[in-house]
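What's in start15.csv: CSV, C-alpha atoms
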chain,number,residue,atom,x,y,z
A,165,MET,CA,-7.2,-71.6,7.5
A,166,GLU,CA,-9.3,-69.5,9.9
A,167,GLN,CA,-8.6,-72.0,12.6
A,168,THR,CA,-4.8,-72.2,12.1
A,169,PRO,CA,-3.1,-71.4,15.4
A,170,LYS,CA,-1.1,-68.1,15.5
A,171,SER,CA,2.0,-70.1,16.4
A,172,MET,CA,1.8,-71.8,13.0
A,173,ARG,CA,1.2,-68.6,11.0
A,174,LEU,CA,3.8,-66.3,9.3
A,175,GLN,CA,4.2,-63.3,11.6
A,176,LEU,CA,4.4,-59.9,9.8
A,177,GLY,CA,5.5,-57.0,12.0
A,178,LEU,CA,4.4,-53.5,10.9
A,179,PHE,CA,7.1,-51.0,12.0
A,180,GLY,CA,7.7,-47.3,11.4
A,181,ARG,CA,7.7,-43.9,12.9
A,182,THR,CA,4.5,-42.5,14.4
A,183,ASN,CA,1.9,-41.4,11.9
A,184,VAL,CA,3.4,-42.9,8.8
A,185,GLY,CA,0.3,-45.0,8.3
A,186,LYS,CA,1.1,-48.4,9.7
A,187,SER,CA,-2.5,-49.0,10.9
A,188,SER,CA,-3.9,-47.5,7.7
A,189,PHE,CA,-1.8,-50.0,5.7
A,190,LEU,CA,-3.1,-52.9,7.8
A,191,ASN,CA,-6.7,-51.9,7.2
A,192,TYR,CA,-5.9,-51.3,3.5
A,193,VAL,CA,-4.3,-54.8,2.9
A,194,ALA,CA,-6.9,-56.6,5.2
A,195,LYS,CA,-9.7,-54.8,3.4
A,196,GLN,CA,-11.5,-54.0,6.6
A,197,ASP,CA,-11.2,-51.6,9.5
A,198,ILE,CA,-9.1,-53.5,12.1
A,199,ALA,CA,-6.9,-50.8,13.7
A,200,VAL,CA,-7.9,-47.4,14.8
A,201,THR,CA,-6.4,-44.7,12.6
A,202,SER,CA,-6.0,-41.0,13.3
A,203,PRO,CA,-3.8,-38.1,12.2
A,204,VAL,CA,-2.8,-37.7,15.9
A,205,PRO,CA,0.6,-39.3,16.4
A,206,GLY,CA,0.7,-42.3,18.8
A,207,THR,CA,-2.8,-43.5,18.1
A,208,THR,CA,-1.7,-47.1,18.3
A,209,THR,CA,-0.9,-48.0,21.9
A,210,ASP,CA,-1.0,-51.8,22.3
A,211,ILE,CA,0.0,-54.3,19.7
A,212,VAL,CA,-2.9,-55.0,17.3
A,213,GLU,CA,-2.9,-58.5,16.0
A,214,LYS,CA,-4.9,-59.6,12.9
A,215,ALA,CA,-4.9,-63.2,11.7
A,216,MET,CA,-5.9,-63.5,8.1
A,217,GLU,CA,-5.2,-65.3,4.8
A,218,LEU,CA,-2.7,-63.5,2.6
A,219,SER,CA,-2.5,-64.8,-1.0
A,220,PRO,CA,-0.2,-66.4,-2.1
A,221,VAL,CA,1.5,-66.8,1.3
A,222,GLY,CA,-1.3,-68.5,3.3
A,223,PRO,CA,-2.2,-67.9,7.0
A,224,VAL,CA,-0.4,-64.9,8.5
A,225,VAL,CA,-0.7,-62.7,11.6
A,226,PHE,CA,-0.2,-58.9,11.2
A,227,LEU,CA,1.4,-57.3,14.3
A,228,ASP,CA,0.7,-53.5,14.2
A,229,THR,CA,3.1,-51.7,16.6
A,230,ALA,CA,3.5,-48.3,18.1
A,231,GLY,CA,5.8,-45.8,16.4
A,232,VAL,CA,9.5,-46.4,16.9
A,233,ASP,CA,9.9,-42.7,17.6
A,234,ASP,CA,7.0,-42.5,20.1
A,235,ALA,CA,7.7,-39.6,22.5
A,236,SER,CA,4.4,-39.7,24.4
A,237,GLN,CA,4.1,-40.1,28.2
A,238,LEU,CA,3.5,-43.9,27.7
A,239,SER,CA,6.3,-44.3,25.2
A,240,VAL,CA,8.5,-46.4,27.4
A,241,GLU,CA,5.9,-49.1,27.8
A,242,ARG,CA,4.8,-48.9,24.2
A,243,LEU,CA,8.3,-49.2,22.8
A,244,LYS,CA,8.9,-52.2,25.1
A,245,LYS,CA,6.0,-54.0,23.4
A,246,THR,CA,7.3,-52.9,20.0
A,247,ARG,CA,10.7,-54.3,20.7
A,248,ALA,CA,9.1,-57.6,21.8
A,249,VAL,CA,7.7,-57.9,18.3
A,250,PHE,CA,11.2,-57.7,16.9
A,251,ASP,CA,11.8,-61.2,18.3
A,252,ARG,CA,8.5,-62.4,17.0
A,253,ALA,CA,8.3,-61.1,13.4
A,254,ASP,CA,9.3,-63.4,10.6
A,255,VAL,CA,9.1,-60.5,8.2
A,256,PHE,CA,9.7,-56.8,9.1
A,257,VAL,CA,7.3,-54.6,7.1
A,258,LEU,CA,8.8,-51.1,7.5
A,259,ILE,CA,6.3,-48.3,6.6
A,260,VAL,CA,7.9,-45.0,5.5
A,261,GLU,CA,6.8,-41.7,4.1
A,262,PRO,CA,8.0,-40.6,0.6
A,263,ASN,CA,11.5,-39.3,0.6
A,264,VAL,CA,11.9,-39.4,4.4
A,265,TRP,CA,14.5,-41.8,5.9
A,266,THR,CA,15.9,-41.3,9.4
A,267,ALA,CA,17.9,-43.1,12.1
A,268,PHE,CA,14.7,-44.8,13.2
A,269,GLU,CA,14.3,-46.6,9.8
A,270,ASP,CA,18.0,-47.6,10.0
A,271,SER,CA,17.4,-49.1,13.5
A,272,VAL,CA,14.5,-51.2,12.3
A,273,CYS,CA,16.5,-52.5,9.4
A,274,ALA,CA,19.4,-53.3,11.8
A,275,GLU,CA,17.0,-55.2,14.1
A,276,ALA,CA,15.8,-57.3,11.1
A,277,LYS,CA,19.4,-58.0,10.0
A,278,ARG,CA,20.4,-59.0,13.6
A,279,ARG,CA,17.6,-61.6,13.5
A,280,ASP,CA,18.1,-62.8,9.9
A,281,ALA,CA,14.5,-61.8,9.2
A,282,GLY,CA,13.2,-60.5,5.9
A,283,CYS,CA,12.6,-56.8,5.6
A,284,LEU,CA,10.2,-55.2,3.2
A,285,VAL,CA,9.8,-51.4,2.8
A,286,VAL,CA,6.4,-50.0,2.1
A,287,VAL,CA,6.5,-46.3,0.9
A,288,ASN,CA,3.1,-45.0,2.0
A,289,LYS,CA,1.3,-41.7,1.4
A,290,GLY,CA,1.8,-41.6,-2.3
A,291,ASP,CA,-1.1,-39.2,-2.4
A,292,VAL,CA,0.9,-36.6,-0.4
A,293,ALA,CA,4.2,-36.8,-2.3
A,294,ARG,CA,5.7,-38.9,-5.1
A,295,PRO,CA,8.8,-40.8,-3.9
A,296,SER,CA,11.8,-40.1,-6.0
A,297,PRO,CA,13.5,-42.9,-8.0
A,298,GLU,CA,16.6,-42.3,-5.9
A,299,PHE,CA,14.6,-42.8,-2.7
A,300,VAL,CA,12.9,-45.9,-3.9
A,301,GLY,CA,16.3,-47.3,-4.9
A,302,ALA,CA,17.8,-46.5,-1.5
A,303,CYS,CA,14.9,-48.3,0.2
A,304,GLY,CA,15.4,-51.3,-2.0
A,305,ALA,CA,19.1,-51.3,-1.1
A,306,ALA,CA,18.3,-51.1,2.7
A,307,ALA,CA,15.8,-53.9,2.6
A,308,ALA,CA,14.9,-57.1,0.6
A,309,GLY,CA,12.1,-55.4,-1.3
A,310,VAL,CA,10.1,-52.2,-1.7
A,311,ILE,CA,6.6,-51.3,-2.8
A,312,THR,CA,4.8,-48.0,-3.0
A,313,CYS,CA,1.2,-47.1,-2.3
A,314,SER,CA,-1.4,-44.7,-1.0
A,315,CYS,CA,-3.9,-46.1,1.5
A,316,LEU,CA,-6.4,-43.6,0.3
A,317,ASP,CA,-6.4,-45.0,-3.3
A,318,MET,CA,-9.3,-47.6,-3.0
A,319,ALA,CA,-9.1,-48.3,-6.7
A,320,ALA,CA,-5.6,-49.7,-6.3
A,321,ARG,CA,-6.3,-51.6,-3.1
A,322,GLU,CA,-6.6,-55.1,-4.8
A,323,ALA,CA,-3.4,-54.6,-6.9
A,324,CYS,CA,-1.5,-53.3,-3.9
A,325,ALA,CA,-2.6,-56.3,-1.7
A,326,ALA,CA,-1.6,-58.7,-4.5
A,327,GLU,CA,1.8,-57.0,-4.9
A,328,PHE,CA,2.4,-57.0,-1.1
A,329,GLY,CA,1.5,-60.7,-0.9
A,330,LYS,CA,3.9,-61.6,-3.7
A,331,ALA,CA,6.7,-59.6,-2.1
A,332,VAL,CA,6.1,-61.4,1.3
A,333,ALA,CA,6.0,-64.7,-0.4
A,334,ALA,CA,9.4,-64.0,-2.0
A,335,LEU,CA,10.8,-63.4,1.4
A,336,THR,CA,9.1,-66.3,3.2
A,337,GLU,CA,11.5,-69.1,2.6
A,338,LYS,CA,14.4,-67.0,3.7
A,339,ALA,CA,12.6,-65.2,6.5
A,340,LYS,CA,10.8,-68.0,8.4
A,341,PRO,CA,12.9,-70.6,10.3
A,342,GLY,CA,10.4,-73.5,9.8
A,343,ASP,CA,9.6,-75.8,12.7
A,344,LEU,CA,11.6,-79.0,12.7
A,345,PRO,CA,9.7,-82.3,12.6
A,346,LEU,CA,8.1,-83.6,15.8
A,347,VAL,CA,8.2,-87.4,15.2
A,348,GLY,CA,8.2,-87.5,11.4
A,349,ASP,CA,12.0,-88.2,11.2
A,350,LEU,CA,11.9,-90.6,14.2
A,351,VAL,CA,9.4,-93.0,12.7
A,352,PRO,CA,9.8,-94.6,9.3
A,353,ALA,CA,7.0,-94.6,6.7
A,354,GLY,CA,4.7,-97.4,7.8
A,355,GLY,CA,6.1,-97.3,11.3
A,356,VAL,CA,4.2,-96.9,14.6
A,357,ALA,CA,4.3,-94.2,17.3
A,358,VAL,CA,2.5,-94.7,20.6
A,359,LEU,CA,1.3,-91.5,22.4
A,360,VAL,CA,0.7,-91.8,26.1
A,361,VAL,CA,-1.9,-89.1,26.9
A,362,PRO,CA,-3.2,-88.7,30.4
A,363,ILE,CA,-6.7,-87.4,30.8
A,364,ASP,CA,-6.7,-85.4,34.0
A,365,LEU,CA,-8.0,-82.1,35.3
A,366,GLY,CA,-5.7,-80.2,32.9
A,367,ALA,CA,-7.1,-82.0,29.9
A,368,PRO,CA,-9.7,-79.9,28.0
A,369,ARG,CA,-13.1,-81.4,27.8
A,370,GLY,CA,-13.8,-83.3,24.6
A,371,ARG,CA,-10.4,-82.7,22.9
A,372,LEU,CA,-6.7,-83.1,23.1
A,373,ILE,CA,-4.2,-80.3,23.8
A,374,LEU,CA,-2.3,-78.6,20.9
A,375,PRO,CA,1.1,-80.4,21.3
A,376,GLN,CA,-0.7,-83.8,21.1
A,377,VAL,CA,-2.7,-82.8,18.1
A,378,GLN,CA,0.3,-81.4,16.3
A,379,THR,CA,2.3,-84.6,17.0
A,380,ILE,CA,-0.5,-86.7,15.6
A,381,ARG,CA,-0.7,-84.6,12.4
A,382,ASP,CA,3.1,-84.7,12.0
A,383,ALA,CA,3.1,-88.5,12.2
A,384,LEU,CA,0.3,-88.8,9.7
A,385,ASP,CA,2.0,-86.4,7.3
A,386,ASN,CA,5.0,-88.7,7.4
A,387,ASP,CA,3.0,-91.8,6.7
A,388,ALA,CA,3.3,-93.3,10.2
A,389,ALA,CA,0.6,-95.0,12.3
A,390,ILE,CA,-0.4,-93.5,15.6
A,391,VAL,CA,-1.7,-95.4,18.7
A,392,ILE,CA,-3.1,-93.3,21.5
A,393,VAL,CA,-3.5,-94.6,25.0
A,394,LYS,CA,-3.8,-93.4,28.6
A,395,GLU,CA,-0.9,-94.1,31.0
A,396,ARG,CA,-2.9,-96.7,32.9
A,397,GLU,CA,-3.6,-98.8,29.8
A,398,TYR,CA,-0.1,-98.3,28.3
A,399,ALA,CA,1.6,-101.5,29.6
A,400,SER,CA,-1.4,-103.6,28.6
A,401,LEU,CA,-1.3,-102.1,25.1
A,402,LEU,CA,2.3,-103.0,24.5
A,403,GLY,CA,1.4,-106.7,25.2
A,404,LYS,CA,-1.2,-106.5,22.5
A,405,LEU,CA,1.0,-105.0,19.7
A,406,THR,CA,2.4,-107.5,17.3
A,407,VAL,CA,5.3,-105.1,16.5
A,408,LYS,CA,7.4,-102.9,18.8
A,409,PRO,CA,6.6,-99.2,18.4
A,410,ASP,CA,9.3,-97.1,16.8
A,411,ILE,CA,8.9,-94.5,19.5
A,412,VAL,CA,6.8,-93.8,22.5
A,413,VAL,CA,5.9,-90.2,23.5
A,414,CYS,CA,4.2,-89.2,26.7
A,415,ASP,CA,3.1,-86.2,28.7
A,416,SER,CA,6.0,-85.2,31.0
A,417,GLN,CA,3.8,-85.6,34.1
A,418,VAL,CA,3.7,-89.4,33.5
A,419,VAL,CA,7.3,-89.8,32.3
A,420,MET,CA,8.4,-92.0,35.2
A,421,LYS,CA,5.6,-94.6,34.6
A,422,MET,CA,6.1,-94.5,30.8
A,423,VAL,CA,9.8,-95.2,31.2
A,424,ALA,CA,9.2,-98.0,33.7
A,425,ASP,CA,6.8,-99.7,31.3
A,426,THR,CA,8.8,-99.2,28.1
A,427,PRO,CA,11.1,-102.0,27.0
A,428,PRO,CA,14.8,-100.9,26.9
A,429,ASP,CA,15.1,-101.5,23.2
A,430,VAL,CA,12.2,-99.1,22.4
A,431,LYS,CA,13.0,-95.4,22.1
A,432,CYS,CA,10.9,-93.0,24.1
A,433,THR,CA,10.6,-89.3,24.9
A,434,THR,CA,8.1,-86.6,25.9
A,435,PHE,CA,6.0,-84.1,24.0
A,436,SER,CA,7.8,-81.2,25.6
A,437,ILE,CA,11.2,-82.5,24.5
A,438,LEU,CA,9.9,-82.9,21.0
A,439,PHE,CA,8.8,-79.3,21.0
A,440,SER,CA,12.2,-78.2,22.4
A,441,ARG,CA,13.7,-79.6,19.3
A,442,SER,CA,11.0,-78.5,16.9
A,443,LYS,CA,10.4,-75.0,18.2
A,444,GLY,CA,13.7,-74.2,19.8
A,445,ASP,CA,17.2,-75.5,20.4
A,446,LEU,CA,17.2,-78.9,22.1
A,447,VAL,CA,21.0,-79.1,22.4
A,448,THR,CA,21.2,-75.7,24.2
A,449,GLN,CA,18.2,-76.5,26.5
A,450,ALA,CA,19.7,-80.0,27.3
A,451,ALA,CA,23.0,-78.3,28.2
A,452,GLY,CA,21.1,-75.9,30.5
A,453,LEU,CA,20.2,-78.7,32.8
A,454,GLY,CA,23.8,-78.7,34.1
A,455,VAL,CA,23.1,-75.7,36.3
A,456,ILE,CA,20.4,-77.4,38.4
A,457,GLY,CA,22.8,-79.4,40.5
A,458,SER,CA,24.6,-76.2,41.5
A,459,LEU,CA,21.6,-74.1,42.6
A,460,ARG,CA,21.9,-72.8,46.1
A,461,ASP,CA,19.7,-70.8,48.6
A,462,LYS,CA,18.3,-67.6,47.2
A,463,ASP,CA,19.3,-68.4,43.6
A,464,ARG,CA,16.6,-67.1,41.3
A,465,VAL,CA,14.8,-69.4,38.8
A,466,LEU,CA,12.4,-68.1,36.1
A,467,ILE,CA,9.5,-70.3,35.0
A,468,ALA,CA,8.5,-68.9,31.6
A,469,GLU,CA,5.1,-69.8,30.2
A,470,ALA,CA,4.2,-68.9,26.7
A,471,CYS,CA,0.5,-68.9,27.2
A,472,SER,CA,-1.8,-67.3,29.8
A,473,HIS,CA,-4.1,-69.8,31.4
A,474,HIS,CA,-6.0,-70.4,34.6
A,475,ALA,CA,-3.6,-72.1,37.0
A,476,LEU,CA,-4.9,-75.3,38.4
A,477,GLU,CA,-4.4,-76.4,42.0
A,478,ASP,CA,-1.4,-78.5,41.1
A,479,ASP,CA,-0.2,-76.5,38.0
A,480,ILE,CA,2.8,-78.0,36.3
A,481,GLY,CA,4.7,-74.8,35.9
A,482,ARG,CA,3.7,-72.8,38.9
A,483,VAL,CA,3.5,-75.6,41.5
A,484,LYS,CA,5.0,-78.9,40.5
A,485,ILE,CA,8.3,-77.8,38.9
A,486,PRO,CA,9.1,-75.3,41.7
A,487,ARG,CA,8.4,-78.0,44.2
A,488,TRP,CA,10.5,-80.6,42.5
A,489,LEU,CA,13.4,-78.2,42.0
A,490,ARG,CA,13.4,-77.3,45.7
A,491,GLN,CA,13.2,-81.0,46.7
A,492,PHE,CA,16.0,-82.0,44.3
A,493,THR,CA,18.4,-79.2,45.2
A,494,GLY,CA,17.4,-78.9,48.9
A,495,ALA,CA,17.8,-75.1,48.3
A,496,ASP,CA,15.5,-72.2,49.3
A,497,LEU,CA,15.1,-71.0,45.7
A,498,VAL,CA,13.5,-67.8,44.6
A,499,ILE,CA,11.2,-68.8,41.8
A,500,ASP,CA,9.4,-66.2,39.6
A,501,VAL,CA,6.8,-66.9,36.8
A,502,SER,CA,6.3,-65.0,33.6
A,503,SER,CA,3.3,-65.8,31.3
A,504,GLY,CA,2.2,-65.0,27.8
A,505,ARG,CA,4.6,-62.7,25.9
A,506,ASP,CA,5.8,-60.9,29.1
A,507,TYR,CA,9.4,-62.1,28.9
A,508,PRO,CA,11.5,-60.3,31.6
A,509,GLN,CA,14.2,-57.8,30.7
A,510,ASN,CA,16.3,-58.7,33.8
A,511,LEU,CA,17.3,-62.2,32.7
A,512,SER,CA,20.8,-61.7,34.1
A,513,ASP,CA,19.2,-61.8,37.6
A,514,TYR,CA,18.5,-65.5,37.2
A,515,ARG,CA,20.6,-68.6,37.3
A,516,LEU,CA,18.2,-70.7,35.3
A,517,VAL,CA,15.2,-70.2,33.0
A,518,VAL,CA,12.8,-73.2,32.7
A,519,HIS,CA,10.7,-72.5,29.6
A,520,CYS,CA,7.5,-74.2,28.5
A,521,GLY,CA,7.3,-76.3,25.3
A,522,SER,CA,6.5,-73.2,23.2
A,523,CYS,CA,3.5,-74.7,21.4
A,524,MET,CA,1.9,-71.2,21.4
A,525,LEU,CA,5.1,-69.5,20.1
A,526,THR,CA,6.7,-69.5,16.7
A,527,ARG,CA,10.1,-71.1,16.4
A,528,ARG,CA,11.6,-67.6,15.7
A,529,GLU,CA,10.2,-66.3,18.9
A,530,THR,CA,11.4,-69.3,20.9
A,531,LEU,CA,14.9,-69.0,19.4
A,532,GLY,CA,14.8,-65.3,20.3
A,533,ARG,CA,14.1,-66.1,23.9
A,534,ILE,CA,16.9,-68.6,24.0
A,535,ARG,CA,19.3,-66.0,22.4
A,536,LEU,CA,18.3,-63.5,25.0
A,537,ALA,CA,19.1,-66.0,27.8
A,538,ARG,CA,22.4,-66.8,26.2
A,539,GLU,CA,23.3,-63.1,25.8
A,540,ALA,CA,22.5,-62.6,29.5
A,541,GLY,CA,24.7,-65.6,30.4
A,542,VAL,CA,21.8,-67.6,31.9
A,543,ALA,CA,21.2,-71.3,31.5
A,544,ILE,CA,17.9,-72.2,29.8
A,545,THR,CA,16.0,-75.5,29.6
A,546,ASN,CA,12.4,-76.5,29.2
A,547,TYR,CA,9.6,-78.1,31.1
A,548,GLY,CA,10.0,-81.6,29.7
A,549,LEU,CA,13.8,-81.7,30.0
A,550,CYS,CA,13.7,-80.3,33.6
A,551,ILE,CA,11.0,-82.8,34.8
A,552,SER,CA,12.8,-85.8,33.2
A,553,TYR,CA,16.1,-84.6,34.8
A,554,LEU,CA,14.6,-84.1,38.2
A,555,GLN,CA,12.9,-87.5,38.1
A,556,GLY,CA,16.0,-89.4,37.0
A,557,VAL,CA,15.0,-90.5,33.5
A,558,ILE,CA,16.6,-87.8,31.4
A,559,GLU,CA,19.2,-90.1,29.8
A,560,ARG,CA,16.4,-92.5,28.7
A,561,VAL,CA,14.2,-89.8,27.1
A,562,LEU,CA,17.2,-88.2,25.3
A,563,GLU,CA,18.3,-91.5,23.7
A,564,PRO,CA,16.6,-90.5,20.4
A,565,PHE,CA,18.7,-87.3,20.3
A,566,PRO,CA,22.4,-88.1,20.6
A,567,ALA,CA,23.6,-84.5,20.2
A,568,ALA,CA,21.4,-83.3,23.1
A,569,LEU,CA,22.5,-86.3,25.2
A,570,ASP,CA,26.1,-85.4,24.6
A,571,ALA,CA,25.4,-81.8,25.6
A,572,LEU,CA,23.9,-83.0,28.8
A,573,HIS,CA,27.0,-85.1,29.6
A,574,ARG,CA,29.4,-82.3,28.8
A,575,ASN,CA,27.5,-79.8,31.1
A,576,ALA,CA,26.7,-82.2,33.9
A,577,GLY,CA,29.3,-80.7,36.1
A,578,ASN,CA,28.6,-77.1,35.1
A,579,LYS,CA,28.7,-74.9,38.3
A,580,GLY,CA,28.3,-71.5,36.7
A,581,ARG,CA,26.5,-69.9,33.9
A,582,THR,CA,26.3,-71.2,30.3
A,583,ALA,CA,28.0,-69.5,27.4

Give the structure from this file in structure tokens form.
Amino acid sequence: MEQTPKSMRLQLGLFGRTNVGKSSFLNYVAKQDIAVTSPVPGTTTDIVEKAMELSPVGPVVFLDTAGVDDASQLSVERLKKTRAVFDRADVFVLIVEPNVWTAFEDSVCAEAKRRDAGCLVVVNKGDVARPSPEFVGACGAAAAGVITCSCLDMAAREACAAEFGKAVAALTEKAKPGDLPLVGDLVPAGGVAVLVVPIDLGAPRGRLILPQVQTIRDALDNDAAIVIVKEREYASLLGKLTVKPDIVVCDSQVVMKMVADTPPDVKCTTFSILFSRSKGDLVTQAAGLGVIGSLRDKDRVLIAEACSHHALEDDIGRVKIPRWLRQFTGADLVIDVSSGRDYPQNLSDYRLVVHCGSCMLTRRETLGRIRLAREAGVAITNYGLCISYLQGVIERVLEPFPAALDALHRNAGNKGRTA
């Protein structure tokens, strides 16, 4: 569990006004000093992340945020980071003081409701004042649950952590939009999936990258067999198989060769397209391809990476996709790159967002980014879809997903923004 990627953990956002004890509660439940605490308001500046095991939930990540009423000199930047956690959190943990409820608490509950996320109120500082029954009842009415505690009461720490874990578990099924299968529903039990995995400069030494590993595990969890091969040996492998594979999945950078080598009656796709479906909204991102043909000089395109990494000389997001877009459209495009969790606020300035596969994001966070693009009236697609479209094989790799293929056809002549 200690090695579970953060993108596969339940995300618990700690929200509240300054100095209500958010960091103290994190330390209290985690049973160790993780976040700096102080009676000085605004002590927490950047988001503090703590991955841990929370019984009976399992692997979680706590996201400790700055106070929603922060009025310090750096409050604008701090609150921007706090708002980013709104789109990331599966469960909103709202820390409050006894008998104090303001417009700030209302705003956090409203953000949770807007995202259909679970909201749990923790009434802290029970050592300072006892919350009235009426206040506890009002908290329970505003959220899906409420617990009371004092982070100074070490004798009650175990009981409080257990109560908190049970309360989160009760919200989990409703709060977490679980990832859809990768290949588990595309391959029958006992079937065969072939993964075409290039080993190039971008491949980590001695291991596979996360999307490939997760696809392997998903197939095994669904009782399918996996055959892994490099692109150069793929055609030869097909001649040695006694049965046709149920599906072939490749890295987007070798999609043209994979499609050329795959028999017409064998379904095929890419890892990135699988992740568009599993982590995001494949239909919406397939529809977003319709804007590419109408891109003109000076139109702005955003390349959105979910992870921060050292860009290689021929980096897929920063070099190859921009080059292919300019070649395909013949336009002098303005292409920006955002990385990590720095998702721009000015999305309406762009005609198109090309997002990575989101293997480092939760599904809720990816859906949140798609929602923000939709609200800004901007088309959004992803790396694998974009590459396959630009290289002329998009219809082939979308065959396993009829709804996405239909969305592509319906938006093929789209000359403006998506709805």

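In terms of minimum interatomic distance to Val332 of chain A, A:Gly177 ranks closest within A:Pro486, A:Gly454, A:Gly177, A:Pro428, counting only C-alpha atoms.
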
Identify, on the basis of all atoms listed in the file, every residue whose closest approach to Asp410 of chain A does not exceed 9 Å; exclude the query and any residue fewer than 5 positions from it along the same chain; express the result as a PyMOL selection string.
chain A and resi 350-352+355-358+430-432

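In terms of minimum interatomic distance to Pro564 of chain A, A:Thr433 ranks closest within A:Ser400, A:Thr433, A:Gln509, A:Gln449, counting only C-alpha atoms.
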
Using only C-alpha atoms, which protein or nucleic acid residues come within 8 Å of segment 497-507 of chain A? Drop anything in the same chain fewer than 3 positions from it, and give the result as a CSV table (one decimal) with C-alpha atoms, in the frame of the given file.
chain,number,residue,atom,x,y,z
A,248,ALA,CA,9.1,-57.6,21.8
A,459,LEU,CA,21.6,-74.1,42.6
A,460,ARG,CA,21.9,-72.8,46.1
A,461,ASP,CA,19.7,-70.8,48.6
A,462,LYS,CA,18.3,-67.6,47.2
A,463,ASP,CA,19.3,-68.4,43.6
A,464,ARG,CA,16.6,-67.1,41.3
A,465,VAL,CA,14.8,-69.4,38.8
A,466,LEU,CA,12.4,-68.1,36.1
A,467,ILE,CA,9.5,-70.3,35.0
A,468,ALA,CA,8.5,-68.9,31.6
A,469,GLU,CA,5.1,-69.8,30.2
A,470,ALA,CA,4.2,-68.9,26.7
A,471,CYS,CA,0.5,-68.9,27.2
A,472,SER,CA,-1.8,-67.3,29.8
A,482,ARG,CA,3.7,-72.8,38.9
A,486,PRO,CA,9.1,-75.3,41.7
A,490,ARG,CA,13.4,-77.3,45.7
A,533,ARG,CA,14.1,-66.1,23.9

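In terms of minimum interatomic distance to Leu218 of chain A, A:Glu322 ranks closest within A:Glu322, A:Asp570, A:Asp445, A:Asp291, counting all atoms listed in the file.
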
Find the residue from A:Leu284, A:Val455, A:Leu525, A:Leu569 that sits nearest to Thr545 of chain A; use all atoms listed in the file when measuring.
A:Val455

Taking 5 positions as the minimum chain separation for residues in the same chain, which residues sit within 12 Å of Ala353 of chain A when counting all atoms listed in the file? Answer as a PyMOL selection string.
chain A and resi 347-348+382-390+410

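Across the structure, atom CA of Gly548 of chain A and atom CA of Glu395 of chain A are spaced 16.6 Å apart.
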
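What separates atom CA of Ser416 of chain A from atom CA of Asn575 of chain A is a distance of 22.2 Å.
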
Which protein, DNA or RNA residues have an atom at most 9 Å from (-2.5, -63.5, -1.0), counting all atoms listed in the file? List them as a ChimeraX atom specification.
/A:217-222,325-330,333

Lys394 of chain A: which residues within 12 Å, counting all atoms listed in the file, same-chain residues fewer than 5 positions away excluded, as number ranges by chain?
A: 358-364, 367, 399-401, 413-415, 418, 421-422

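Residue nearest Ala320 of chain A, chosen from A:Val393, A:Ala302, A:Val193, A:Val423 and counting only C-alpha atoms: A:Val193.
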
Record the distance separating atom CA of Val407 of chain A and atom CA of Thr434 of chain A, expressed in Å with one decimal.
20.9 Å

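Among the candidate residues A:Ala306, A:Cys313, A:Ala281, A:Leu227, the one lying nearest to Glu261 of chain A is A:Cys313, with distances computed using only C-alpha atoms.
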
Compile the contact shell of Gln491 of chain A as a VMD selection string: residues with an atom at most 12 Å away, counting all atoms listed in the file, same-chain residues fewer than 2 positions apart removed.
chain A and resid 456 to 457 459 to 460 484 to 489 493 to 497 554 to 555
